[in-house]
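Structure first, then comments.
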2 protein chains.
Amino acid sequence: MISILKNDLLLKALQGKKVPRPPVWMMRQAGRYLVDFMKLKRKYDFFTRCRNPELATEITLIPVKQLDVDAAILFSDILVVPQSMGINFQMKENEGPFLERPIRSAKSIQKVQVPDVADRLNYVFEAVRLTKQALENSVPLIGFAGAPWTIFCYIVEGKGSKTFDHAKTFCFAQPDQADILLQKITETTINYLLKKAESGVDVIQIFDSWGGLLSPEDYKRFSWQYTRKIVEQISLKVPVIVFAKGCWHALEDMKNSGVSALGIDWTIHPQMARKFTKYTLTLQGNYDPAQLLAPIPQIKKNVQKMIKDFGTQQYIANLGHGILPYTPIDHARAFIETVKEI
Amino acid sequence: MISILKNDLLLKALQGKKVPRPPVWMMRQAGRYLVDFMKLKRKYDFFTRCRNPELATEITLIPVKQLDVDAAILFSDILVVPQSMGINFQMKENEGPFLERPIRSAKSIQKVQVPDVADRLNYVFEAVRLTKQALENSVPLIGFAGAPWTIFCYIVEGKGSKTFDHAKTFCFAQPDQADILLQKITETTINYLLKKAESGVDVIQIFDSWGGLLSPEDYKRFSWQYTRKIVEQISLKVPVIVFAKGCWHALEDMKNSGVSALGIDWTIHPQMARKFTKYTLTLQGNYDPAQLLAPIPQIKKNVQKMIKDFGTQQYIANLGHGILPYTPIDHARAFIETVKEI
C-alpha cells in the first residue's frame with residue numbers, strides 16, 4: 001500500500017526520521033467528550049456504530065476535522081475480535097462489556113473458534129477502505145486491536161474490573177488452558193491485523209490495557225509472549241505501536257521486538273522511559289487525561305514540560321490513556337495546539 | 001509502651017536487626033476468605049464490626065489463631081477517619097463505600113471538621129487496648145490508617161473507582177482547595193495515629209491504595225507531601241510502614257523519611273525495589289494475591305523464589321495487596337508455612 005500523505009509526521013516519527021515538531025493525536029479522540037459523537041451515540045447503539053462502515057468512518061473523521069490531529073484512528077472496539085470468535089458480549093450502558101457466561105473451563109475454551117476474519121470482520125475492513133477514501137491522504141489512519149491478554153481478561157472475567165482477579169487466578173490455576181485460549185486470540189488477532197493492514201491502515205496500535213495487573217514475570221509469560229508474536233508478523237507490513245498500560249518494567253524487553261514505538265502512561269517519567277528504552281526508540285504518551293481538566297494556561301505549561309522531558313524527536317505526543325468524557329473540547333484543543341507551537 | 005513480645009520477628013525486621021527467618025503476615029488476613037469471619041459478617045453490618053471493640057478484637061485474633069501469622073493487624077477500616085470528620089459514608093454490599101454527596105466545592109470543604117479523635121474514635125482505641133490484652137504479648141499488633149490522598153479519593157469521588165477521575169480532576173482544577181482538604185485529613189490522621197500508638201499498637205502501617213493513579217510529580221505534590229508529615233510525627237513513637245500501591249517511582253524518595261519499611265506490590269521485581277531503596281531499607285511484600293490460587297506446590301516454589309529475590313534479612317513476607325475473598329485457607333497456610341520453613 002503506497003500512499004503519499006500530506007501530513008506524514010506520525011510515519012516519520014515512527015521511522016525515527018527528523019521532524020519539525022512531534023506529531024500529536026489522542027487516545028479515544030473520537031469519543032464521548034465530542035458533542036457530535038454524543039449525538040450519534042444517542043441514535044445508534046454501540047455495536048451498530050462499530051459495524052456500520054459509514055458510521056465508523058463518520059465518527060473517525062470528527063476529531064480530524066474538529067481538532068486537527070495528526071492522525072486518525074479507526075472507530076471500532078477491541079471486542080470485535082472476541083465477537084468474531086463466537087463470544088457474544090453485550091455492551092451495558094455505563095457498565096461496559098458483559099458476558100452472560102464467562103469462559104472459565106476447558107470445555108468452553110475448546111468451543112472458541114479461530115474464525116475466518118475476512119468474512120466475520122468484513123465490516124471493519126470496509127470501514128478502513130471508506131475512511132482512507134474520506135481522509136484523502138490528509139493524515140495517516142491508525143488501526144488497532146487489543147493485546148491477547150487484555151482480550152482474555154474480558155473473556156474470562158466476563159465484564160470490566162479493577163483487578164480482573166478471575167482472569168488472573170484462571171491463568172495461575174490452569175496455565176495450560178489459559179495458553180490454549182491466548183493462542184486462539186493471538187491467531188485471530190494476527191489474521192485480523194494483517195487484513196486490516198491490507199485494507200489500508202498506515203499504522204497499527206496494540207492496546208494492552210490490563211498488562212499492568214501482572215507481575216513482570218507473569219506479564220512476560222501470559223501477555224508479552226503473545227503480543228510479541230503479533231508484533232513480529234504485523235511489523236513486516238506496517239509500523240506497530242504497543243501501548244501496555246502500567247508495564248514500565250517491560251519497556252526494555254518490548255523494545256527488542258520489531259515495534260516502531262511504545263506507548264507509555266503518566267506513571268513513568270519520560271526520562272525514565274527513555275532510559276529503559278536506551279534512548280533509541282520512538283515513544284508515545286504520556287499526558288494524564290485528568291490533567292486536561294486543569295486550567296488552560298496550566299495545560300500549556302504541562303505539555304511544554306512533557307515535550308521537553310521526552311525531546312522533540314522520536315516522540316509522538318499523546319495522552320497516557322483515553323481522554324475523559326467530561327473534558328471540555330477547548331482543553332483538548334489547547335493540548336494539541338501547544339504541541340503544534342513547538 | 002514497653003512490652004516484651006514472645007514473637008518479635010516483625011519488630012526486629014523493622015529495626016533492621018538480624019532474624020532467623022523473615023516475619024510473615026498478610027494484608028486483609030482477617031478477611032472474607034475465613035469462614036469464621038463470614039459468620040460474623042452475616043450477623044453484624046460493616047460499621048458495627050468496626051465500632052464494637054469486642055467484635056473488632058475477636059476478628060483481629062482469628063488469623064493469629066488459625067494461621068499462626070507473626071503479627072496481628074487491628075480489624076478496622078480506613079474510612080473511620082473521614083467518618084470522624086463528619087463525612088458519613090454508607091457501606092453498600094458488594095459495591096463498597098458510598099457518599100450521598102461527594103465533597104467537591106470550597107463550601108463543602110470548609111464544613112469538614114478536624115475532630116477530637118479521642119472522643120470520636122474512642123471505639124478504635126478501646127479495641128486496641130482489648131486486643132493487646134487478648135494477644136497476651138504473643139505477637140505485635142499493627143494499627144493502620146489510609147494515606148490522606150487515598151482518603152481524599154473516596155471523599156471527592158464519593159465511591160470506589162478504577163481511576164478516581166473526579167478526585168484527580170478536582171486536584172488539577174482546584175489545587176488550593178484540594179490542599180485544604182488534604183491538610184484537614186492529615187491533621188486528623190496524625191492525631192488518630194498518635195492516640196493509636198498511645199493505646200498500644202506496636203507498629204503503624206499507612207495504606208496509600210490509590211497513590212499509583214498519579215504521575216510521579218503529582219504523587220509528590222498531592223500524596224507524599226502529606227503522608228510524609230504523618231510519618232515524621234508517628235515514627236517518633238512507633239515504627240511506620242508505608243504501602244503506596246503502584247508507587248515504585250517514589251520508593252527512593254519515601255526511603256528518606258523516617259519510615260521503618262516500605263510495602264511494595266508485585267508489579268515491581270524485588271531486586272528492582274532493593275535497588276531503588278539502595279539496599280538499606282526493610283521491604284515488605286510482594287506476592288500477587290491472585291497467585292494464592294495456584295496449586296499449592298506452585299505457591300511453595302513462588303514463595304521460595306520471592307524470598308530468594310528479597311533476601312531473608314530486612315524483609316517482611318507479605319502479599320502485594322489484600323488476600324482475595326475466594327482464597328482457600330489451605331493456600332493461605334501454604335504461603336505462611338513456606339516462609340516459616342526458610
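Residues in the C-alpha cells are named by chain (A, B, ... in the order shown) and by number from 1 within that chain; ligands are numbered from 1 in the order shown.
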
Could you make a table, as a tab-separated table, of the residues of chain B that have an atom within 6 Å of an atom of chain A, each with its nearest atom pair and distance in Å to one decimal, counting only C-alpha atoms, in chain and number order?
residue	atom	partner	partner_atom	distance
B:Lys162	CA	A:Lys162	CA	5.3
B:Thr169	CA	A:Ala290	CA	5.2
B:Phe172	CA	A:Ala294	CA	4.9
B:Ala173	CA	A:Ala294	CA	4.4
B:Ser215	CA	A:Thr267	CA	4.4
B:Trp266	CA	A:Ser215	CA	5.2
B:Thr267	CA	A:Ser215	CA	4.4
B:Ala290	CA	A:Thr169	CA	5.2
B:Leu293	CA	A:Thr169	CA	5.7
B:Ala294	CA	A:Ala173	CA	4.4

Produce a file of the selected residues containing N, CA, C and O atoms, as an mmCIF file, in the first residue's frame.
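Output saved as part01.cif:
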data_model
loop_
_atom_site.group_PDB
_atom_site.id
_atom_site.type_symbol
_atom_site.label_atom_id
_atom_site.label_comp_id
_atom_site.auth_asym_id
_atom_site.auth_seq_id
_atom_site.Cartn_x
_atom_site.Cartn_y
_atom_site.Cartn_z
ATOM 1 N N LYS B 162 -12.126 2.722 39.454
ATOM 2 C CA LYS B 162 -10.874 2.221 38.881
ATOM 3 C C LYS B 162 -9.836 3.322 38.819
ATOM 4 O O LYS B 162 -8.652 3.101 38.947
ATOM 5 N N THR B 169 -9.272 15.090 38.887
ATOM 6 C CA THR B 169 -9.533 16.344 38.174
ATOM 7 C C THR B 169 -9.805 17.480 39.160
ATOM 8 O O THR B 169 -9.457 18.624 38.895
ATOM 9 N N PHE B 172 -6.459 18.858 40.060
ATOM 10 C CA PHE B 172 -5.792 19.602 38.990
ATOM 11 C C PHE B 172 -6.525 20.905 38.666
ATOM 12 O O PHE B 172 -5.906 21.893 38.303
ATOM 13 N N ALA B 173 -7.850 20.891 38.833
ATOM 14 C CA ALA B 173 -8.618 22.098 38.533
ATOM 15 C C ALA B 173 -8.593 23.074 39.709
ATOM 16 O O ALA B 173 -8.594 24.282 39.515
ATOM 17 N N SER B 215 0.854 10.690 38.539
ATOM 18 C CA SER B 215 2.191 10.740 37.945
ATOM 19 C C SER B 215 3.211 10.917 39.074
ATOM 20 O O SER B 215 2.855 11.339 40.176
ATOM 21 N N TRP B 266 3.337 -6.462 43.590
ATOM 22 C CA TRP B 266 4.019 -7.459 42.745
ATOM 23 C C TRP B 266 4.414 -6.913 41.376
ATOM 24 O O TRP B 266 5.028 -7.646 40.614
ATOM 25 N N THR B 267 4.053 -5.652 41.086
ATOM 26 C CA THR B 267 4.414 -5.155 39.755
ATOM 27 C C THR B 267 5.847 -4.622 39.706
ATOM 28 O O THR B 267 6.294 -4.145 38.668
ATOM 29 N N ALA B 290 -3.530 -13.055 43.682
ATOM 30 C CA ALA B 290 -4.132 -13.994 42.721
ATOM 31 C C ALA B 290 -3.279 -15.253 42.578
ATOM 32 O O ALA B 290 -3.783 -16.323 42.239
ATOM 33 N N LEU B 293 -4.050 -18.617 44.267
ATOM 34 C CA LEU B 293 -4.981 -19.571 43.665
ATOM 35 C C LEU B 293 -4.249 -20.636 42.850
ATOM 36 O O LEU B 293 -4.859 -21.570 42.344
ATOM 37 N N ALA B 294 -2.943 -20.490 42.719
ATOM 38 C CA ALA B 294 -2.151 -21.521 42.034
ATOM 39 C C ALA B 294 -2.167 -22.791 42.890
ATOM 40 O O ALA B 294 -2.474 -22.742 44.084
#

Members of region 158-334 of chain A assigned alpha helix (DSSP H) by DSSP, as a PyMOL selection string: chain A and resi 165-173+175-199+216-218+225-234+251-255+270-276+296-310+329-334

- prompt: Interatomic distance between CA of Gly31 (chain B) and CA of Leu319 (chain B)?
  reply: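 Rounded to one decimal, the two atoms are 13.5 Å apart.
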
- prompt: Looking at A:Pro82, A:Pro270, A:Pro97, A:Gly200, which one is nearest to Asn137 (chain A), with distances taken over only C-alpha atoms?
  reply: A:Gly200

Excluding Ile190 (chain A) and its own-chain neighbours fewer than 3 positions away, which residues fall within 10 Å of it when counting only C-alpha atoms? Please give them as a compact mmCIF listing (two decimals) with C-alpha atoms, in the first residue's frame.
# COMPACT_ATOMS: atom_id res chain seq x y z
CA VAL A 117 -11.89 -12.89 9.81
CA ALA A 145 -6.51 -4.37 18.37
CA ILE A 185 -6.90 -15.00 20.41
CA THR A 186 -3.38 -14.43 19.09
CA GLU A 187 -4.04 -16.26 15.84
CA LEU A 193 -4.48 -7.11 11.72
CA LEU A 194 -2.88 -8.46 8.52
CA LYS A 195 -6.19 -7.93 6.77
CA LYS A 196 -6.56 -4.51 8.34
CA THR A 227 1.74 -9.78 21.85
CA LYS A 229 4.02 -12.93 18.08
CA ILE A 230 1.60 -10.36 16.72
CA VAL A 231 4.27 -7.66 16.51
CA GLU A 232 6.62 -9.98 14.65
CA GLN A 233 4.02 -10.66 11.95
CA ILE A 234 2.39 -7.27 11.61

- request: Go through B:Glu54, B:Asp309, B:Asp70, B:Glu126 one by one, measure the shortest atom-to-atom distance of each to Leu11 (chain B) using only C-alpha atoms, and give the residue with the smallest value.
  value: B:Asp70

message: For Pro53 (chain B), find every residue with an atom within 10 Å (counting only C-alpha atoms), except residues of its own chain fewer than 3 positions away, and show them as a list in words.
response: Thr48, Arg49, Cys50, Ala56, Thr57, Glu58, Ile59, Phe75, Ser76, Asn122, Tyr123, Val124, Phe125, Glu126, Ala127, Val128, Arg129, Leu130 and Thr131 of chain B

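For region 125-242 of chain A, backbone-based DSSP assignment of strand (DSSP E or B) covers Leu141, Ile142, Gly143, Phe144, Ala145, Gly146, Lys159, Val203, Ile204, Gln205, Ile206, Phe207, Asp208, Val240, Ile241 and Val242 of chain A.
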
Contacts of region 100-109 of chain B within 6 Å, only C-alpha atoms, excl. fewer than 3 positions in-chain, as a list of chain:residue names: B:Val112, B:Ile155, B:Val156, B:Gly158

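Between CA of Lys6 (chain B) and CA of Phe310 (chain B) the interatomic distance comes to 25.4 Å.
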
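Taking CA of Thr60 (chain B) as the reference point, CA of Gln29 (chain B) is found at 8.6 Å.
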